[in-house]
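Next comes my_file-v2.cif, with mmCIF, C-alpha atoms.
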```
data_final
#
loop_
_atom_site.label_atom_id
_atom_site.label_comp_id
_atom_site.auth_asym_id
_atom_site.auth_seq_id
_atom_site.Cartn_x
_atom_site.Cartn_y
_atom_site.Cartn_z
CA MET D 1129 19.29 0.02 8.09
CA ASP D 1130 20.70 0.56 4.63
CA SER D 1131 22.82 3.67 4.75
CA ALA D 1132 25.31 3.47 1.90
CA ILE D 1133 25.31 5.18 -1.46
CA SER D 1134 26.40 2.92 -4.27
CA ASP D 1135 27.37 3.41 -7.88
CA PRO D 1136 27.36 0.26 -9.97
CA HIS D 1137 28.62 1.65 -13.27
CA ASN D 1138 31.65 0.63 -15.30
CA GLY D 1139 30.24 -2.74 -16.18
CA SER D 1140 29.56 -4.21 -12.73
CA ALA D 1141 26.26 -5.59 -11.47
CA GLU D 1142 26.80 -4.31 -7.96
CA ALA D 1143 23.40 -2.88 -7.08
CA GLY D 1144 20.85 -4.57 -9.24
CA GLY D 1145 20.07 -6.00 -12.59
CA PRO D 1146 21.39 -9.16 -14.17
CA THR D 1147 24.22 -11.04 -12.56
CA ASN D 1148 24.79 -13.70 -15.20
CA GLY D 1149 28.43 -12.84 -15.73
CA THR D 1150 27.87 -10.56 -18.72
CA THR D 1151 29.61 -7.22 -18.73
CA ARG D 1152 27.56 -4.06 -18.97
CA PRO D 1153 28.57 -1.31 -21.36
CA PRO D 1154 29.88 1.71 -19.44
CA SER D 1155 27.24 4.28 -18.54
CA THR D 1156 27.37 7.54 -20.44
CA PRO D 1157 28.38 10.74 -18.61
CA GLU D 1158 24.90 12.10 -19.27
CA GLY D 1159 23.27 9.01 -17.77
CA ILE D 1160 25.51 9.14 -14.69
CA ALA D 1161 24.81 12.86 -14.18
CA LEU D 1162 21.06 12.26 -14.55
CA ALA D 1163 21.15 9.42 -12.00
CA TYR D 1164 23.17 11.41 -9.45
CA GLY D 1165 21.04 14.53 -9.87
CA SER D 1166 17.82 12.55 -9.55
CA LEU D 1167 19.01 10.80 -6.36
CA LEU D 1168 19.96 14.18 -4.88
CA LEU D 1169 16.58 15.70 -5.76
CA MET D 1170 14.67 12.68 -4.43
CA ALA D 1171 16.61 12.89 -1.16
CA LEU D 1172 15.79 16.58 -0.72
CA LEU D 1173 12.03 16.31 -1.26
CA PRO D 1174 11.13 14.17 1.80
CA ILE D 1175 13.48 16.18 4.02
CA PHE D 1176 12.00 19.54 3.01
CA PHE D 1177 8.33 18.56 3.07
CA GLY D 1178 8.78 16.15 5.99
CA ALA D 1179 10.31 18.94 8.08
CA LEU D 1180 7.39 21.27 7.29
CA ARG D 1181 4.89 18.57 8.15
CA SER D 1182 6.75 17.79 11.38
CA VAL D 1183 5.86 21.28 12.62
CA ARG D 1184 2.15 20.65 12.06
CA CYS D 1185 2.55 17.17 13.52
CA ALA D 1186 4.07 18.58 16.73
CA ARG D 1187 1.14 20.98 17.08
CA GLY D 1188 -1.54 18.46 16.11
CA LYS D 1189 -3.97 16.84 18.50
CA ASN D 1190 -4.91 13.79 16.40
CA ALA D 1191 -3.74 10.68 18.24
CA SER D 1192 -3.05 8.87 14.96
CA ASP D 1193 -0.53 11.55 13.92
CA MET D 1194 1.34 11.90 17.22
CA PRO D 1195 5.12 11.93 16.69
CA GLU D 1196 7.46 9.40 18.26
CA THR D 1197 10.05 11.24 20.35
CA ILE D 1198 13.63 9.94 20.38
CA THR D 1199 15.46 10.48 23.68
CA SER D 1200 19.20 10.44 24.32
CA ARG D 1201 18.94 6.87 25.61
CA ASP D 1202 17.17 5.79 22.41
CA ALA D 1203 19.80 7.58 20.34
CA ALA D 1204 22.67 5.85 22.14
CA ARG D 1205 21.13 2.41 21.66
CA PHE D 1206 20.08 2.90 18.05
CA PRO D 1207 23.47 2.16 16.36
CA ILE D 1208 23.74 -1.07 18.37
CA ILE D 1209 20.22 -2.17 17.42
CA ALA D 1210 20.83 -1.20 13.78
CA SER D 1211 24.10 -3.18 13.74
CA CYS D 1212 22.42 -6.29 15.16
CA THR D 1213 19.59 -6.00 12.62
CA LEU D 1214 22.00 -5.52 9.73
CA LEU D 1215 24.18 -8.45 10.77
CA GLY D 1216 21.09 -10.61 11.32
CA LEU D 1217 19.86 -9.87 7.80
CA TYR D 1218 23.31 -10.64 6.40
CA LEU D 1219 23.38 -14.04 8.13
CA PHE D 1220 19.83 -14.79 7.01
CA PHE D 1221 20.78 -14.15 3.40
CA LYS D 1222 23.86 -16.36 3.79
CA ILE D 1223 22.02 -19.27 5.43
CA PHE D 1224 18.55 -19.28 3.88
CA SER D 1225 17.27 -18.95 0.35
CA GLN D 1226 17.30 -15.31 -0.76
CA GLU D 1227 14.13 -15.90 -2.79
CA TYR D 1228 11.95 -16.92 0.19
CA ILE D 1229 13.32 -14.20 2.48
CA ASN D 1230 12.58 -11.53 -0.10
CA LEU D 1231 9.09 -12.96 -0.62
CA LEU D 1232 8.31 -12.50 3.08
CA LEU D 1233 9.89 -9.05 3.13
CA SER D 1234 7.97 -8.05 0.01
CA MET D 1235 4.65 -8.87 1.67
CA TYR D 1236 5.67 -7.00 4.83
CA PHE D 1237 6.77 -3.87 2.98
CA PHE D 1238 3.76 -4.14 0.67
CA VAL D 1239 1.48 -3.45 3.65
CA LEU D 1240 3.77 -0.84 5.22
CA GLY D 1241 4.31 0.88 1.88
CA ILE D 1242 0.59 1.23 1.21
CA LEU D 1243 -0.02 2.76 4.64
CA ALA D 1244 2.99 5.11 4.34
CA LEU D 1245 2.09 6.25 0.82
CA SER D 1246 -1.54 6.79 1.82
CA HIS D 1247 -0.48 8.97 4.76
CA THR D 1248 1.91 10.88 2.49
CA ILE D 1249 -0.53 11.74 -0.30
CA SER D 1250 -3.56 12.37 1.94
CA PRO D 1251 -2.91 16.14 2.50
CA PHE D 1252 -2.32 16.69 -1.23
CA MET D 1253 -5.35 14.65 -2.32
CA ASN D 1254 -7.68 16.50 0.08
CA LYS D 1255 -7.32 19.59 -2.14
CA PHE D 1256 -8.83 17.75 -5.12
CA PHE D 1257 -11.98 16.48 -3.40
CA PRO D 1258 -15.06 18.62 -4.14
CA ALA D 1259 -16.89 20.28 -1.26
CA SER D 1260 -19.90 18.04 -1.94
CA PHE D 1261 -17.83 14.86 -1.42
CA PRO D 1262 -19.59 12.65 1.20
CA ASN D 1263 -16.85 12.44 3.81
CA ARG D 1264 -17.54 10.29 6.87
CA GLN D 1265 -15.40 9.95 9.97
CA TYR D 1266 -14.20 6.59 11.28
CA GLN D 1267 -12.21 5.46 14.29
CA LEU D 1268 -10.29 2.23 14.72
CA LEU D 1269 -9.98 1.57 18.45
CA PHE D 1270 -8.42 -1.42 20.21
CA THR D 1271 -8.37 -1.50 24.00
CA GLN D 1272 -7.03 -3.87 26.61
CA GLY D 1273 -8.71 -4.55 29.96
CA SER D 1274 -11.93 -3.05 31.25
CA GLY D 1275 -13.17 -0.37 33.60
CA GLU D 1276 -10.45 1.75 35.18
CA ASN D 1277 -7.79 -0.64 33.88
CA LYS D 1278 -8.78 -0.14 30.25
CA GLU D 1279 -5.77 0.81 28.13
CA GLU D 1280 -5.72 1.98 24.52
CA ILE D 1281 -3.60 -0.18 22.23
CA VAL D 1282 -4.59 1.36 18.88
CA ASN D 1283 -6.56 4.57 18.36
CA TYR D 1284 -6.59 5.57 14.70
CA GLU D 1285 -8.95 8.16 13.25
CA PHE D 1286 -9.60 8.37 9.51
CA ASP D 1287 -12.28 9.37 7.02
CA THR D 1288 -13.60 8.48 3.57
CA LYS D 1289 -10.94 10.59 1.87
CA ASP D 1290 -8.26 8.55 3.62
CA LEU D 1291 -9.88 5.36 2.30
CA VAL D 1292 -9.68 6.75 -1.25
CA CYS D 1293 -5.98 7.50 -0.74
CA LEU D 1294 -5.54 3.98 0.62
CA GLY D 1295 -7.11 2.58 -2.53
CA LEU D 1296 -4.80 4.59 -4.80
CA SER D 1297 -1.78 3.54 -2.75
CA SER D 1298 -2.87 -0.09 -3.05
CA ILE D 1299 -2.54 0.17 -6.85
CA VAL D 1300 1.10 1.20 -6.43
CA GLY D 1301 1.52 -1.62 -3.92
CA VAL D 1302 0.26 -4.26 -6.34
CA TRP D 1303 2.50 -2.80 -9.07
CA TYR D 1304 5.50 -3.07 -6.76
CA LEU D 1305 4.60 -6.59 -5.62
CA LEU D 1306 4.18 -7.93 -9.15
CA ARG D 1307 6.91 -6.07 -11.03
CA LYS D 1308 9.35 -4.73 -8.43
CA HIS D 1309 9.63 -1.74 -10.74
CA TRP D 1310 12.11 0.92 -9.67
CA ILE D 1311 9.51 3.70 -9.89
CA ALA D 1312 7.16 1.86 -7.51
CA ASN D 1313 10.17 1.19 -5.24
CA ASN D 1314 10.97 4.91 -5.19
CA LEU D 1315 7.37 5.92 -4.47
CA PHE D 1316 7.38 3.68 -1.41
CA GLY D 1317 10.91 4.80 -0.45
CA LEU D 1318 9.96 8.48 -0.65
CA ALA D 1319 6.83 7.80 1.42
CA PHE D 1320 8.86 5.97 4.10
CA SER D 1321 11.39 8.81 4.19
CA LEU D 1322 8.81 11.59 4.44
CA ASN D 1323 6.88 9.76 7.16
CA GLY D 1324 10.12 9.16 9.07
CA VAL D 1325 11.12 12.84 9.00
CA GLU D 1326 7.58 13.91 9.91
CA LEU D 1327 6.83 11.47 12.71
CA LEU D 1328 10.24 10.81 14.32
CA HIS D 1329 11.18 13.76 16.54
CA LEU D 1330 14.42 14.32 18.42
CA ASN D 1331 13.80 15.84 21.85
CA ASN D 1332 16.84 18.15 21.67
CA VAL D 1333 19.97 18.98 19.68
CA SER D 1334 22.24 16.99 22.00
CA THR D 1335 20.21 13.85 21.29
CA GLY D 1336 20.56 14.59 17.58
CA CYS D 1337 24.34 14.84 17.94
CA ILE D 1338 24.44 11.52 19.84
CA LEU D 1339 22.32 9.79 17.18
CA LEU D 1340 24.23 11.18 14.21
CA GLY D 1341 27.59 10.58 15.89
CA GLY D 1342 26.75 6.95 16.68
CA LEU D 1343 25.47 6.27 13.18
CA PHE D 1344 28.54 8.00 11.73
CA ILE D 1345 30.67 5.23 13.30
CA TYR D 1346 28.10 2.58 12.34
CA ASP D 1347 28.08 3.66 8.70
CA VAL D 1348 31.85 3.89 8.33
CA PHE D 1349 32.45 0.51 9.98
CA TRP D 1350 29.86 -1.48 8.04
CA VAL D 1351 30.80 0.02 4.65
CA PHE D 1352 34.60 0.26 4.89
CA GLY D 1353 35.27 -2.41 7.52
CA THR D 1354 33.12 -5.20 6.03
CA ASN D 1355 31.08 -6.07 2.97
CA VAL D 1356 27.97 -6.60 5.09
CA MET D 1357 26.02 -3.43 4.26
CA VAL D 1358 26.68 -3.51 0.52
CA THR D 1359 25.80 -7.24 0.41
CA VAL D 1360 22.51 -6.66 2.26
CA ALA D 1361 21.68 -3.65 0.07
CA LYS D 1362 22.18 -5.77 -3.07
CA SER D 1363 20.27 -8.77 -1.72
CA PHE D 1364 17.44 -6.94 0.04
CA GLU D 1365 14.55 -6.56 -2.41
CA ALA D 1366 12.56 -4.00 -0.46
CA PRO D 1367 11.98 -0.24 -0.74
CA ILE D 1368 14.68 0.63 1.81
CA LYS D 1369 16.68 2.54 -0.78
CA LEU D 1370 16.08 5.00 -3.61
CA VAL D 1371 17.38 3.88 -6.97
CA PHE D 1372 17.81 5.52 -10.34
CA PRO D 1373 19.06 3.89 -13.55
CA GLN D 1374 22.21 5.23 -15.14
CA ASP D 1375 21.18 3.70 -18.48
CA LEU D 1376 17.75 5.38 -18.56
CA LEU D 1377 18.65 7.34 -21.70
CA GLU D 1378 19.56 4.12 -23.51
CA LYS D 1379 16.90 1.68 -22.23
CA GLY D 1380 14.08 3.91 -21.03
CA LEU D 1381 11.88 2.73 -18.15
CA GLU D 1382 13.22 -0.83 -18.49
CA ALA D 1383 16.74 0.29 -17.52
CA ASP D 1384 18.47 -1.88 -14.92
CA ASN D 1385 21.89 -0.38 -14.10
CA PHE D 1386 21.08 1.40 -10.85
CA ALA D 1387 22.79 3.86 -8.56
CA MET D 1388 21.23 3.78 -5.10
CA LEU D 1389 20.92 5.77 -1.90
CA GLY D 1390 19.87 4.18 1.41
CA LEU D 1391 16.87 5.68 3.19
CA GLY D 1392 18.97 5.99 6.35
CA ASP D 1393 20.98 8.70 4.61
CA ILE D 1394 17.76 10.68 4.19
CA VAL D 1395 15.80 10.05 7.38
CA ILE D 1396 18.63 10.34 9.94
CA PRO D 1397 19.91 13.77 8.82
CA GLY D 1398 16.31 14.70 7.96
CA ILE D 1399 14.97 14.39 11.52
CA PHE D 1400 17.87 16.56 12.72
CA ILE D 1401 17.11 19.20 10.06
CA ALA D 1402 13.40 19.07 11.02
CA LEU D 1403 14.37 19.64 14.67
CA LEU D 1404 16.31 22.76 13.67
CA LEU D 1405 13.25 24.05 11.78
CA ARG D 1406 11.15 23.69 14.94
CA PHE D 1407 13.95 25.40 16.89
CA ASP D 1408 13.87 28.27 14.38
CA ILE D 1409 10.12 28.65 14.94
CA SER D 1410 10.58 28.58 18.73
CA LEU D 1411 12.91 31.60 18.48
CA LYS D 1412 9.97 33.61 17.04
CA LYS D 1413 12.22 35.70 14.81
CA ASN D 1414 10.34 34.93 11.59
CA THR D 1415 13.51 33.47 10.09
CA HIS D 1416 14.49 29.88 9.33
CA THR D 1417 18.24 30.41 9.47
CA TYR D 1418 19.19 27.07 11.02
CA PHE D 1419 16.82 25.09 8.82
CA TYR D 1420 18.16 26.59 5.60
CA THR D 1421 21.74 26.27 6.84
CA SER D 1422 21.35 22.58 7.67
CA PHE D 1423 19.44 21.98 4.43
CA ALA D 1424 22.28 23.56 2.43
CA ALA D 1425 24.75 21.52 4.52
CA TYR D 1426 22.90 18.34 3.52
CA ILE D 1427 23.11 19.26 -0.17
CA PHE D 1428 26.83 19.95 0.19
CA GLY D 1429 27.46 16.72 2.13
CA LEU D 1430 25.53 14.48 -0.26
CA GLY D 1431 27.11 16.19 -3.26
CA LEU D 1432 30.54 15.54 -1.73
CA THR D 1433 29.59 11.89 -1.18
CA ILE D 1434 28.63 11.48 -4.83
CA PHE D 1435 31.82 13.22 -5.97
CA ILE D 1436 34.07 10.99 -3.82
CA MET D 1437 32.18 7.88 -4.93
CA HIS D 1438 32.57 8.86 -8.58
CA ILE D 1439 36.31 9.48 -8.16
CA PHE D 1440 37.13 6.26 -6.24
CA LYS D 1441 34.48 4.03 -7.92
CA HIS D 1442 33.51 2.52 -4.55
CA ALA D 1443 30.34 2.58 -2.41
CA GLN D 1444 30.56 5.34 0.18
CA PRO D 1445 29.10 5.69 3.70
CA ALA D 1446 27.16 8.88 3.09
CA LEU D 1447 26.92 9.70 6.81
CA LEU D 1448 30.72 10.05 6.80
CA TYR D 1449 30.18 13.33 4.94
CA LEU D 1450 26.64 14.24 6.01
CA VAL D 1451 27.13 14.12 9.79
CA PRO D 1452 30.01 16.66 10.00
CA THR D 1453 28.27 19.06 7.61
CA CYS D 1454 24.74 18.80 9.05
CA ILE D 1455 26.00 19.32 12.62
CA GLY D 1456 28.97 21.58 11.88
CA PHE D 1457 27.32 24.20 9.69
CA PRO D 1458 24.41 25.04 12.07
CA VAL D 1459 26.73 25.07 15.10
CA LEU D 1460 29.06 27.53 13.33
CA VAL D 1461 26.07 29.75 12.56
CA ALA D 1462 24.98 29.54 16.20
CA LEU D 1463 28.49 30.52 17.31
CA ALA D 1464 28.45 33.50 14.94
CA LYS D 1465 25.02 34.62 16.22
CA GLY D 1466 25.77 33.88 19.89
CA GLU D 1467 22.88 31.39 20.14
CA VAL D 1468 24.72 28.18 21.04
CA THR D 1469 23.18 28.12 24.53
CA GLU D 1470 19.67 28.58 23.13
CA MET D 1471 20.26 25.86 20.55
CA PHE D 1472 21.43 23.22 23.02
CA SER D 1473 18.88 24.17 25.69
CA TYR D 1474 15.93 23.83 23.31
CA GLU D 1475 13.81 20.90 24.46
CA GLU D 1476 10.73 19.18 23.05
CA SER D 1477 8.42 17.14 25.27
CA ASN D 1478 6.98 13.81 24.22
CA PRO D 1479 3.24 14.30 23.52
CA LYS D 1480 2.68 10.60 24.27
CA ASP D 1481 4.25 10.93 27.71
CA PRO D 1482 1.45 11.07 30.33
CA ALA D 1483 3.62 13.26 32.58
CA ALA D 1484 4.12 15.76 29.75
CA VAL D 1485 0.39 15.76 28.97
CA THR D 1486 -0.46 16.27 32.65
CA GLU D 1487 2.08 19.06 32.93
CA SER D 1488 0.65 20.70 29.82
CA LYS D 1489 -2.90 20.49 31.19
CA GLU D 1490 -1.79 21.94 34.51
CA GLY D 1491 -0.09 24.80 32.71
CA THR D 1492 -3.23 25.48 30.66
CA GLU D 1493 -5.43 25.41 33.77
CA ALA D 1494 -3.05 27.75 35.59
CA SER D 1495 -3.10 30.20 32.68
CA ALA D 1496 -6.90 30.05 32.54
CA SER D 1497 -7.25 30.70 36.29
CA LYS D 1498 -4.88 33.68 36.05
CA GLY D 1499 -6.98 35.06 33.22
CA LEU D 1500 -10.16 34.73 35.28
CA GLU D 1501 -8.51 36.45 38.22
CA LYS D 1502 -7.51 39.40 36.03
CA LYS D 1503 -11.07 39.69 34.68
CA GLU D 1504 -12.51 39.67 38.19
CA LYS D 1505 -10.13 42.45 39.23
#
```

Reformat the file's structure so that it appears as structure tokens.
Amino acid sequence: MDSAISDPHNGSAEAGGPTNGTTRPPSTPEGIALAYGSLLLMALLPIFFGALRSVRCARGKNASDMPETITSRDAARFPIIASCTLLGLYLFFKIFSQEYINLLLSMYFFVLGILALSHTISPFMNKFFPASFPNRQYQLLFTQGSGENKEEIVNYEFDTKDLVCLGLSSIVGVWYLLRKHWIANNLFGLAFSLNGVELLHLNNVSTGCILLGGLFIYDVFWVFGTNVMVTVAKSFEAPIKLVFPQDLLEKGLEADNFAMLGLGDIVIPGIFIALLLRFDISLKKNTHTYFYTSFAAYIFGLGLTIFIMHIFKHAQPALLYLVPTCIGFPVLVALAKGEVTEMFSYEESNPKDPAAVTESKEGTEASASKGLEKKEK
């Protein structure tokens, strides 16, 4: 998981572009400011809209849009799995040809990117379809076994509008596959980030603290302790990072001197911020205090990351600054409001867990029977 923010100005070729030994002219202050501001804005969009969509996702009944719930055990193991994956990629790039690895990865992310972008734009595109549009429903169902032992492997529901969105996303996919253009990269990166924030749900605040705390150590170690993460980020030609050229004003859309931000620095704090939005809604106070506080904390933390990176001219582990702010600010607000207990006792059940579904059905049946009893009386 790429989770560093990098700034390749001052003549280096650290994060993209030609590496033929030529020295780049220094980026202009205007170009640097535009790149930093654009990265910050692009990071905020999937967090804000992904958090809003996560609320609808948690309430939804469509099996294809069910969120994946992260438990405390998952959170504790995640930094270890991420470290093994990162180190594995690093060794692959050292041993095998970078060209062939990136070709395989490009095909893999081509498919994933199309699906992610299609899912992202579908709600927006639905507003543009006329009422007379012939919209048919489809279901993709794969099962295993038969009779009572039949088990669903894939159950995906979609319609004609979704197929149109898939076609539009495929155009972006082909553009990315053929040109590797930074705009196509960012469209896929934004789609991955928004889908991650929407569909990955933490089950409680404690799990969020475990996940962010573990990845805080992961990020610091792999950026400051080794050159592994920066090397993988430079070698990995896939939309796992957002990029923006610092020489856009000089070269236009063909600019190639990029600053970059790993998607991990968006998705990981983003799922914690989305959890706090759902916690806000559970309080039923018609305020989104914790969501706005954590959102402001993210802006402050990422802004601090960019400032430190600009001062020291070195790639920074963004989670070093984002984790303390995104956890610290909301907890301080909870302390001031006397709601720390409510915050840490808030729990979300996994909608894919059969026990949770059974429990929910039993609760619904109990409520219905009580209602019938009252009517009879």

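Shell of segment 1334-1351 of chain D at 6 Å, with all atoms listed in the file counted and residues fewer than 5 places along the chain excluded, is Ser1200, Ala1203, Pro1207, Met1357, Phe1400, Pro1445, Leu1447 and Leu1448 of chain D.
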
Please identify all polymer residues lying at most 6 Å from the point (14.4, 1.2, 2.1) (file coordinates), using all atoms listed in the file, and present the result as JSON, numbers by chain. {"D": [1317, 1367, 1368, 1369, 1391]}

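Excluding Leu1269 of chain D and any residue on its chain fewer than 2 positions from it, the residues at most 8 Å away by all atoms listed in the file are D:Gln1267, D:Thr1271, D:Glu1280, D:Ile1281, D:Val1282, D:Asn1283, D:Tyr1284.
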
Suppose we keep C-alpha atoms; can you now write the selection as a PDB file, in the frame of the given file?
```pdb
ATOM      1  CA  GLN D1267     -12.210   5.460  14.290  1.00  0.00           C
ATOM      2  CA  THR D1271      -8.370  -1.500  24.000  1.00  0.00           C
ATOM      3  CA  GLU D1280      -5.720   1.980  24.520  1.00  0.00           C
ATOM      4  CA  ILE D1281      -3.600  -0.180  22.230  1.00  0.00           C
ATOM      5  CA  VAL D1282      -4.590   1.360  18.880  1.00  0.00           C
ATOM      6  CA  ASN D1283      -6.560   4.570  18.360  1.00  0.00           C
ATOM      7  CA  TYR D1284      -6.590   5.570  14.700  1.00  0.00           C
TER       8      TYR D1284
END
```

Excluding segment 1420-1424 of chain D and any residue of its chain fewer than 6 positions from it, enumerate the residues within 12 Å of it, using all atoms listed in the file, and give them as a VMD selection string. chain D and resid 1171 to 1177 1179 1394 1397 to 1405 1408 1430 to 1431 1450 to 1462

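The space separating atom CA of Ala1366 of chain D from atom CA of Ile1160 of chain D comes to 23.3 Å.
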
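Interatomic distance, atom CA of Arg1181 of chain D to atom CA of Asp1290 of chain D: 17.1 Å.
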
Decode the PyMOL selection byres ((chain D and resi 1232-1237) around 10) for the given file into explicit residues and return them as a PyMOL selection string. chain D and resi 1227-1231+1238-1244+1301+1304-1306+1308+1316+1364-1368

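Of the listed residues (D:Arg1264, D:Arg1187, D:Met1170, D:Ser1473), D:Met1170 comes nearest to Ile1427 of chain D; the distances count only C-alpha atoms.
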
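In this model, the gap between atom CA of Leu1168 of chain D and atom CA of Leu1389 of chain D comes to 9.0 Å.
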
Which residues match the PyMOL selection byres ((chain D and resi 1253) around 12) in the file above, as a PyMOL selection string? chain D and resi 1245-1252+1254-1258+1288-1294+1296-1297

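Distances to Leu1411 of chain D were evaluated for D:Lys1379, D:Glu1467, D:Met1437, D:Pro1262 using all atoms listed in the file, and the minimum falls at D:Glu1467.
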
How big is the axis-aligned box, and where does its centre sit, when it encloses all atoms of segment 1417-1432 of chain D listed in the file and has 3 Å added on every side, reported in Å to one decimal as lines of an AutoDock Vina configuration file?
```
center_x = 23.7
center_y = 22.4
center_z = 3.9
size_x = 19.7
size_y = 21.9
size_z = 20.3
```

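Closest approach to Gln1374 of chain D among D:Ile1436, D:Leu1214, D:Met1388, D:Ala1319 is made by D:Met1388 (distances from all atoms listed in the file).
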
Which residues, written as a VMD selection string, have at least one atom at most 12 Å from segment 1183-1186 of chain D, with all atoms listed in the file counted and residues fewer than 3 positions away on the same chain left out? chain D and resid 1176 to 1180 1189 to 1197 1251 1323 to 1331 1399 1401 to 1410 1476 to 1480

Would you please work out which residue, of D:Ser1155, D:Ala1446, D:Ala1361, D:Leu1268, is nearest to Leu1217 of chain D when using only C-alpha atoms? D:Ala1361

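For the residues D:Lys1413, D:Ile1223, D:Leu1315, D:Leu1215, ranking by smallest atom-to-atom distance to Asn1355 of chain D using only C-alpha atoms places D:Leu1215 first.
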
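Closest to Cys1212 of chain D among D:Ala1161, D:Val1333, D:Ile1198, D:Val1356 is D:Val1356, based on all atoms listed in the file.
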
Output file request: segment 1459-1472 of chain D, with N, CA and C atoms, as a short mmCIF file (atom, residue, chain, number, x, y, z; two decimals), in the first residue's frame.
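Output file part.cif follows:
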```cif
data_model
loop_
_atom_site.label_atom_id
_atom_site.label_comp_id
_atom_site.auth_asym_id
_atom_site.auth_seq_id
_atom_site.Cartn_x
_atom_site.Cartn_y
_atom_site.Cartn_z
N VAL D 1459 -11.39 13.19 19.58
CA VAL D 1459 -11.38 12.76 20.97
C VAL D 1459 -11.41 13.97 21.91
N LEU D 1460 -10.70 15.03 21.56
CA LEU D 1460 -10.73 16.26 22.37
C LEU D 1460 -12.13 16.87 22.38
N VAL D 1461 -12.79 16.82 21.24
CA VAL D 1461 -14.17 17.33 21.17
C VAL D 1461 -15.09 16.47 22.04
N ALA D 1462 -14.89 15.16 21.98
CA ALA D 1462 -15.71 14.25 22.80
C ALA D 1462 -15.47 14.50 24.29
N LEU D 1463 -14.22 14.75 24.66
CA LEU D 1463 -13.91 15.08 26.06
C LEU D 1463 -14.62 16.36 26.48
N ALA D 1464 -14.60 17.37 25.61
CA ALA D 1464 -15.23 18.65 25.93
C ALA D 1464 -16.75 18.51 26.05
N LYS D 1465 -17.34 17.61 25.26
CA LYS D 1465 -18.79 17.43 25.28
C LYS D 1465 -19.23 16.33 26.23
N GLY D 1466 -18.27 15.62 26.84
CA GLY D 1466 -18.62 14.53 27.75
C GLY D 1466 -19.22 13.33 27.05
N GLU D 1467 -18.75 13.05 25.80
CA GLU D 1467 -19.32 11.95 25.02
C GLU D 1467 -18.28 10.89 24.64
N VAL D 1468 -17.22 10.81 25.44
CA VAL D 1468 -16.17 9.82 25.14
C VAL D 1468 -16.72 8.41 25.25
N THR D 1469 -17.52 8.16 26.29
CA THR D 1469 -18.10 6.81 26.48
C THR D 1469 -18.99 6.44 25.31
N GLU D 1470 -19.84 7.37 24.87
CA GLU D 1470 -20.71 7.10 23.73
C GLU D 1470 -19.90 6.83 22.47
N MET D 1471 -18.82 7.60 22.29
CA MET D 1471 -18.00 7.43 21.09
C MET D 1471 -17.37 6.04 21.03
N PHE D 1472 -16.78 5.60 22.13
CA PHE D 1472 -16.06 4.33 22.12
C PHE D 1472 -16.98 3.13 22.33
#
```
